[in-house]
>>> print(open('my_file_39.txt').read())   # compact mmCIF, C-alpha atoms
# COMPACT_ATOMS: atom_id res chain seq x y z
CA GLU R 246 0.00 0.00 0.00
CA ASN R 247 2.90 2.33 0.72
CA GLY R 248 4.20 1.58 -2.77
CA ILE R 249 0.83 2.50 -4.31
CA ALA R 250 0.79 5.80 -2.40
CA ASN R 251 4.29 6.59 -3.67
CA LEU R 252 3.33 5.84 -7.27
CA ILE R 253 0.17 7.96 -7.15
CA ALA R 254 2.07 10.90 -5.67
CA ARG R 255 4.41 10.90 -8.67
CA MET R 256 1.94 10.34 -11.52
CA ASP R 257 0.74 13.24 -13.67
CA PRO R 258 -2.64 14.38 -12.24
CA GLU R 259 -3.59 15.79 -15.65
CA ARG R 260 -3.32 12.35 -17.26
CA PHE R 261 -4.39 9.90 -14.56
CA GLU R 262 -7.11 9.55 -11.96
CA HIS R 263 -7.00 6.78 -9.40
CA LEU R 264 -9.63 4.59 -7.82
CA LEU R 265 -8.45 2.26 -5.08
CA CYS R 266 -10.67 -0.70 -4.30
CA ALA R 267 -10.12 -2.51 -0.99
CA VAL R 268 -11.80 -5.86 -0.41
CA PHE R 269 -12.01 -5.96 3.39
CA ARG R 270 -11.05 -2.56 4.83
CA LEU R 271 -9.17 0.63 4.03
CA GLY R 272 -5.58 0.62 5.22
CA PRO R 273 -3.36 3.01 7.19
CA GLN R 274 -2.20 5.00 4.14
CA VAL R 275 -5.63 6.60 3.54
CA GLU R 276 -4.51 10.05 4.69
CA ARG R 277 -1.77 10.10 2.02
CA TYR R 278 -4.22 10.07 -0.90
CA PRO R 279 -5.31 13.53 -2.19
CA ALA R 280 -9.12 13.63 -2.10
CA ASN R 281 -9.27 15.48 -5.43
CA ARG R 282 -7.22 12.82 -7.22
CA VAL R 283 -8.01 9.51 -5.52
CA ARG R 284 -11.35 7.86 -4.92
CA LEU R 285 -11.44 5.17 -2.25
CA VAL R 286 -13.88 2.27 -2.42
CA CYS R 287 -14.24 -0.60 0.04
CA LEU R 288 -16.27 -3.74 -0.73
CA GLU R 289 -16.49 -4.38 3.04
CA GLN R 290 -16.40 -8.13 2.60
CA LYS R 291 -16.07 -10.34 5.67
CA HIS R 292 -13.19 -12.79 6.02
CA GLY R 293 -14.51 -16.29 5.38
CA ARG R 294 -17.84 -15.00 4.13
CA ALA R 295 -17.35 -16.35 0.62
CA ASN R 296 -14.96 -18.65 -1.17
CA THR R 297 -14.30 -16.07 -3.87
CA GLN R 298 -14.39 -12.29 -4.27
CA VAL R 299 -14.79 -12.41 -8.05
CA GLY R 300 -18.51 -11.58 -7.93
CA PRO R 301 -18.25 -8.50 -5.67
CA MET R 302 -15.26 -7.24 -7.67
CA ALA R 303 -17.06 -7.71 -10.97
CA ARG R 304 -20.07 -5.76 -9.69
CA ALA R 305 -17.74 -2.96 -8.58
CA PHE R 306 -15.98 -2.87 -11.97
CA ARG R 307 -19.33 -2.67 -13.82
CA GLU R 308 -20.35 0.28 -11.68
CA LEU R 309 -17.01 2.11 -11.64
CA LYS R 310 -16.00 1.43 -15.28
CA PRO R 311 -12.19 1.63 -14.90
CA ASP R 312 -10.03 2.05 -18.00
CA ILE R 313 -7.42 -0.30 -16.52
CA VAL R 314 -7.59 -2.70 -13.57
CA HIS R 315 -4.28 -3.22 -11.74
CA SER R 316 -4.17 -6.18 -9.36
CA ARG R 317 -1.24 -6.81 -7.06
CA ASN R 318 -0.05 -10.09 -5.54
CA TRP R 319 -1.92 -13.26 -4.61
CA GLY R 320 -4.38 -11.39 -2.37
CA ALA R 321 -5.85 -9.53 -5.36
CA LEU R 322 -5.55 -12.27 -7.99
CA GLU R 323 -9.34 -12.63 -8.24
CA ALA R 324 -9.46 -9.12 -9.72
CA VAL R 325 -7.95 -10.57 -12.92
CA PHE R 326 -10.94 -12.90 -13.38
CA ALA R 327 -13.42 -10.16 -12.45
CA ALA R 328 -11.81 -7.73 -14.91
CA ARG R 329 -11.93 -10.19 -17.79
CA TRP R 330 -15.52 -11.05 -16.91
CA THR R 331 -16.43 -7.36 -17.22
CA ARG R 332 -14.15 -6.83 -20.25
CA CYS R 333 -11.76 -4.44 -18.53
CA PRO R 334 -8.07 -4.44 -19.53
CA VAL R 335 -6.07 -5.82 -16.59
CA ILE R 336 -2.45 -5.65 -15.48
CA HIS R 337 -1.26 -7.98 -12.73
CA SER R 338 1.96 -7.45 -10.80
CA GLU R 339 3.83 -9.51 -8.22
CA HIS R 340 5.65 -7.54 -5.52
CA GLY R 341 6.80 -10.22 -3.09
CA VAL R 342 6.02 -13.55 -1.50
CA GLU R 343 4.08 -14.62 1.59
CA MET R 344 5.69 -18.04 1.68
CA ASN R 345 8.52 -19.90 0.02
CA PRO R 346 7.24 -20.71 -3.51
CA ALA R 347 8.56 -24.25 -3.13
CA ALA R 348 6.07 -24.74 -0.29
CA GLU R 349 3.16 -23.07 -2.06
CA PRO R 350 0.19 -25.41 -2.70
CA ARG R 351 -0.03 -26.57 -6.31
CA ARG R 352 -3.56 -25.16 -6.63
CA ARG R 353 -2.14 -21.67 -6.02
CA SER R 354 0.44 -22.13 -8.76
CA TRP R 355 -2.26 -23.39 -11.13
CA LEU R 356 -4.52 -20.42 -10.40
CA ARG R 357 -1.61 -18.01 -10.86
CA ARG R 358 -0.85 -19.55 -14.25
CA VAL R 359 -4.48 -19.21 -15.36
CA ALA R 360 -4.67 -15.61 -14.15
CA PHE R 361 -1.36 -14.69 -15.81
CA GLU R 362 -2.58 -16.08 -19.12
CA MET R 363 -5.80 -14.04 -18.81
CA ALA R 364 -4.10 -10.74 -17.90
CA ASN R 365 -3.09 -8.28 -20.61
CA ARG R 366 0.33 -7.82 -18.98
CA VAL R 367 2.16 -9.32 -16.01
CA PHE R 368 5.02 -7.68 -14.09
CA ALA R 369 7.38 -8.51 -11.22
CA VAL R 370 9.66 -6.25 -9.17
CA SER R 371 12.84 -8.25 -9.84
CA TYR R 372 14.27 -10.77 -12.28
CA GLN R 373 14.74 -13.18 -9.39
CA LEU R 374 11.04 -13.02 -8.50
CA ARG R 375 10.04 -13.29 -12.15
CA ASP R 376 12.12 -16.42 -12.67
CA MET R 377 10.97 -17.92 -9.37
CA ILE R 378 7.28 -17.48 -10.21
CA ALA R 379 7.78 -18.58 -13.82
CA GLY R 380 9.53 -21.74 -12.67
CA ARG R 381 6.75 -22.55 -10.22
CA THR R 382 3.81 -21.82 -12.53
CA GLY R 383 5.22 -22.73 -15.95
CA PHE R 384 4.33 -19.25 -17.22
CA SER R 385 6.93 -18.02 -19.72
CA PRO R 386 9.37 -15.53 -18.12
CA GLY R 387 9.56 -13.82 -21.50
CA LYS R 388 5.93 -12.76 -21.07
CA MET R 389 6.58 -11.16 -17.67
CA GLY R 390 8.02 -7.65 -17.50
CA VAL R 391 10.24 -6.37 -14.66
CA ILE R 392 9.85 -2.96 -13.02
CA HIS R 393 12.07 -2.50 -9.97
CA ASN R 394 10.86 -0.70 -6.86
CA GLY R 395 12.15 2.85 -6.65
CA VAL R 396 13.87 4.48 -3.67
CA ASP R 397 13.30 8.09 -2.64
CA THR R 398 16.90 9.17 -2.04
CA LYS R 399 15.75 12.48 -0.57
CA ARG R 400 14.10 10.60 2.30
CA PHE R 401 16.52 7.69 2.61
CA ARG R 402 20.01 9.16 3.00
CA PRO R 403 22.64 9.51 5.76
CA GLU R 404 22.14 12.53 8.02
CA ALA R 405 24.48 12.99 10.98
CA VAL R 406 22.09 15.32 12.83
CA VAL R 407 19.22 12.84 12.50
CA ARG R 408 21.47 10.00 13.66
CA SER R 409 22.46 11.86 16.81
CA ARG R 410 18.89 12.91 17.59
CA MET R 411 17.38 9.45 17.08
CA ARG R 412 20.01 7.65 19.12
CA GLU R 413 19.43 10.09 21.98
CA GLU R 414 15.66 9.63 21.68
CA LEU R 415 15.99 5.83 21.74
CA GLY R 416 18.49 5.90 24.61
CA ILE R 417 21.35 4.47 22.53
CA GLY R 418 24.79 5.50 23.77
CA GLU R 419 27.52 6.73 21.45
CA GLU R 420 29.60 3.61 22.12
CA GLU R 421 26.73 1.15 21.60
CA PHE R 422 26.77 -0.85 18.38
CA CYS R 423 23.24 -0.58 16.97
CA ILE R 424 21.72 -3.30 14.76
CA GLY R 425 18.32 -2.95 13.09
CA ALA R 426 15.72 -4.73 10.99
CA VAL R 427 12.44 -3.50 9.49
CA GLY R 428 9.54 -5.60 8.20
CA ARG R 429 6.46 -7.66 8.93
CA LEU R 430 6.85 -9.92 11.94
CA ASN R 431 5.96 -13.17 10.20
CA ARG R 432 7.77 -16.44 9.65
CA ILE R 433 9.17 -15.74 6.21
CA LYS R 434 11.14 -12.79 7.64
CA ASP R 435 12.92 -15.26 9.98
CA TYR R 436 13.55 -13.00 12.97
CA PRO R 437 14.38 -15.97 15.26
CA THR R 438 17.62 -16.42 13.29
CA LEU R 439 18.44 -12.74 13.85
CA LEU R 440 17.81 -13.08 17.59
CA ARG R 441 19.93 -16.23 17.86
CA ALA R 442 22.73 -14.49 15.95
CA ALA R 443 22.47 -11.51 18.31
CA GLY R 444 22.86 -13.86 21.26
CA ILE R 445 26.11 -15.18 19.75
CA PHE R 446 27.24 -11.63 18.92
CA SER R 447 26.80 -10.63 22.58
CA ARG R 448 29.72 -12.91 23.52
CA SER R 449 32.18 -10.62 21.76
CA CYS R 450 30.46 -7.24 22.22
CA ALA R 451 29.16 -5.91 25.53
CA LEU R 452 27.63 -2.66 24.31
CA TRP R 453 25.03 -3.30 21.63
CA ARG R 454 21.36 -2.79 20.81
CA LEU R 455 18.95 -4.49 18.41
CA LEU R 456 15.97 -2.53 17.07
CA ILE R 457 13.16 -4.48 15.37
CA VAL R 458 10.58 -2.32 13.56
CA GLY R 459 7.21 -3.70 12.46
CA SER R 460 4.22 -5.71 13.60
CA GLY R 461 2.76 -9.11 12.84
CA SER R 462 1.60 -12.49 14.02
CA GLU R 463 5.01 -13.55 15.39
CA LEU R 464 5.42 -10.69 17.88
CA ASP R 465 4.43 -12.74 20.94
CA ALA R 466 6.70 -15.64 19.98
CA LEU R 467 9.64 -13.31 19.35
CA THR R 468 9.06 -11.49 22.63
CA ALA R 469 9.01 -14.83 24.45
CA LEU R 470 12.27 -15.85 22.75
CA VAL R 471 13.95 -12.65 23.94
CA GLN R 472 12.69 -13.15 27.49
CA ALA R 473 13.94 -16.74 27.50
CA THR R 474 17.44 -15.81 26.27
CA PRO R 475 19.62 -14.22 28.99
CA GLU R 476 22.13 -12.87 26.45
CA LEU R 477 19.38 -10.70 24.91
CA ALA R 478 18.09 -9.13 28.14
CA GLY R 479 18.14 -5.34 27.96
CA HIS R 480 19.47 -5.31 24.38
CA VAL R 481 16.39 -5.84 22.17
CA GLN R 482 13.67 -3.27 21.47
CA PHE R 483 10.47 -3.94 19.50
CA LEU R 484 9.49 -0.52 18.16
CA GLY R 485 6.25 -1.56 16.44
CA PRO R 486 5.01 -0.04 13.16
CA THR R 487 6.20 3.50 12.43
CA THR R 488 6.42 6.10 9.68
CA ARG R 489 9.89 7.13 10.92
CA VAL R 490 11.89 4.42 9.18
CA PRO R 491 14.38 6.87 7.52
CA GLU R 492 15.23 8.35 10.93
CA ILE R 493 15.63 4.92 12.54
CA LEU R 494 17.89 3.73 9.72
CA ASN R 495 20.15 6.71 10.41
CA ALA R 496 20.52 5.54 14.03
CA LEU R 497 21.87 2.13 12.98
CA ASP R 498 25.43 0.92 12.55
CA VAL R 499 24.32 -2.10 10.54
CA TYR R 500 21.07 -3.25 8.95
CA VAL R 501 20.24 -6.98 8.88
CA LEU R 502 17.81 -8.70 6.50
CA PRO R 503 17.29 -12.24 7.85
CA SER R 504 14.40 -13.18 5.49
CA VAL R 505 14.16 -16.69 4.10
CA ILE R 506 13.14 -15.13 0.79
CA GLU R 507 12.35 -11.65 -0.59
CA GLY R 508 10.70 -10.29 -3.73
CA ILE R 509 13.66 -8.03 -4.51
>>> encode(input="my_file_39.txt", output="structure tokens")
Amino acid sequence: ENGIANLIARMDPERFEHLLCAVFRLGPQVERYPANRVRLVCLEQKHGRANTQVGPMARAFRELKPDIVHSRNWGALEAVFAARWTRCPVIHSEHGVEMNPAAEPRRRSWLRRVAFEMANRVFAVSYQLRDMIAGRTGFSPGKMGVIHNGVDTKRFRPEAVVRSRMREELGIGEEEFCIGAVGRLNRIKDYPTLLRAAGIFSRSCALWRLLIVGSGSELDALTALVQATPELAGHVQFLGPTTRVPEILNALDVYVLPSVIEGI
């Protein structure tokens, strides 16, 4: 959703208007969408209420009459079928993975293949992800374009003043070695490996801090692991979700990405 907000902010308002359709609920980025350029629609479906969202999406597309439908990831794959049903051009893009593709049920791979064949264009955010999905589904990688995620280098850049201020705010001493990670707290991000590595690291470094930014289903398990590991006591902070990621990155000495797999 953050990626969508970034794209909309940089698209020519004279050429494009945007209509965002959420299936279950509107997300936390709502305030970032200019009311005069973005229309928000929510189908307000209930989890588990139906086996498919194709019908509600198709009804929405008939009413809203979009010029192009853009579906993103597995969670919106049904939009491809709804768009073709209502004769709307559709682009589907893959931005990451929720599980290791090797462990993905075959029915998911089959449905992806069918949806990819029905879409007008298919994109991925990296060649690695394209080849991974193509290998799993049998869809030709030559038919899948690649558009990398962009980085706003005005927001994400080293700033000594910000580093000093954030470390003081977080109570991190000048001599402390600060490690950080940002992302969803779910299994595919593999934070237990990071915590075990930090425990080993503590044997050779007395002054250190680990900052974990994000939220998710594994928070309780990770908190319990920290509490059960004496080497981690007083060194690990769970900061929760935040919009201050650039500032926190400035406070770090090293960033760690322990994920089992990533989209890019």
>>> closest_residue(input="my_file_39.txt", among="R:Cys333, R:Ile445, R:Val268, R:Ile392", to="Met363 in chain R", atoms="all atoms listed in the file")
R:Cys333
>>> axis_aligned_box(input="my_file_39.txt", around="range 375-387 of chain R", padding_each_side="4 Å", output="AutoDock Vina command-line options")
--center_x 8.0 --center_y -18.0 --center_z -15.4 --size_x 16.3 --size_y 17.4 --size_z 20.1
>>> residues_around(input="my_file_39.txt", residues="Leu252 in chain R", least_positions_apart="3", cutoff="12 Å", atoms="only C-alpha atoms", output="count of residues only")
16
>>> atom_distance(input="my_file_39.txt", atom1="CA of Gly508 in chain R", atom2="CA of Ala379 in chain R")
13.4 Å
>>> residues_around(input="my_file_39.txt", residues="Cys423 in chain R", least_positions_apart="6", cutoff="7 Å", atoms="only C-alpha atoms", output="JSON, numbers by chain")
{"R": [453, 454, 455, 497, 498, 499]}
>>> closest_residue(input="my_file_39.txt", among="R:Glu414, R:Thr398, R:Thr488, R:Val335", to="Gln274 in chain R", atoms="only C-alpha atoms")
R:Thr488
>>> residues_around(input="my_file_39.txt", residues="Leu456 in chain R", least_positions_apart="6", cutoff="9 Å", atoms="all atoms listed in the file", output="PyMOL selection string")
chain R and resi 423-427+480-484+493+497
>>> write_last_selection(input="my_file_39.txt", atoms="C-alpha atoms", output="mmCIF file, in the frame of the given file")
data_model
loop_
_atom_site.group_PDB
_atom_site.id
_atom_site.type_symbol
_atom_site.label_atom_id
_atom_site.label_comp_id
_atom_site.auth_asym_id
_atom_site.auth_seq_id
_atom_site.Cartn_x
_atom_site.Cartn_y
_atom_site.Cartn_z
ATOM 1 C CA CYS R 423 23.240 -0.580 16.970
ATOM 2 C CA ILE R 424 21.720 -3.300 14.760
ATOM 3 C CA GLY R 425 18.320 -2.950 13.090
ATOM 4 C CA ALA R 426 15.720 -4.730 10.990
ATOM 5 C CA VAL R 427 12.440 -3.500 9.490
ATOM 6 C CA HIS R 480 19.470 -5.310 24.380
ATOM 7 C CA VAL R 481 16.390 -5.840 22.170
ATOM 8 C CA GLN R 482 13.670 -3.270 21.470
ATOM 9 C CA PHE R 483 10.470 -3.940 19.500
ATOM 10 C CA LEU R 484 9.490 -0.520 18.160
ATOM 11 C CA ILE R 493 15.630 4.920 12.540
ATOM 12 C CA LEU R 497 21.870 2.130 12.980
#
>>> residues_around(input="my_file_39.txt", residues="Arg429 in chain R", least_positions_apart="2", cutoff="8 Å", atoms="all atoms listed in the file", output="MDAnalysis selection string")
chainID R and resid 427 431 434 459:461
>>> atom_distance(input="my_file_39.txt", atom1="CA of Pro334 in chain R", atom2="CA of Asp376 in chain R")
24.5 Å
>>> closest_residue(input="my_file_39.txt", among="R:Ala328, R:Leu374, R:Ala348, R:Ala442", to="Ala360 in chain R", atoms="only C-alpha atoms")
R:Ala328
>>> residues_near_point(input="my_file_39.txt", point="(0.8, -14.2, -0.4)", cutoff="7 Å", atoms="all atoms listed in the file", output="list in words")
Asn318, Trp319, Gly320, Val342, Glu343 and Met344 of chain R
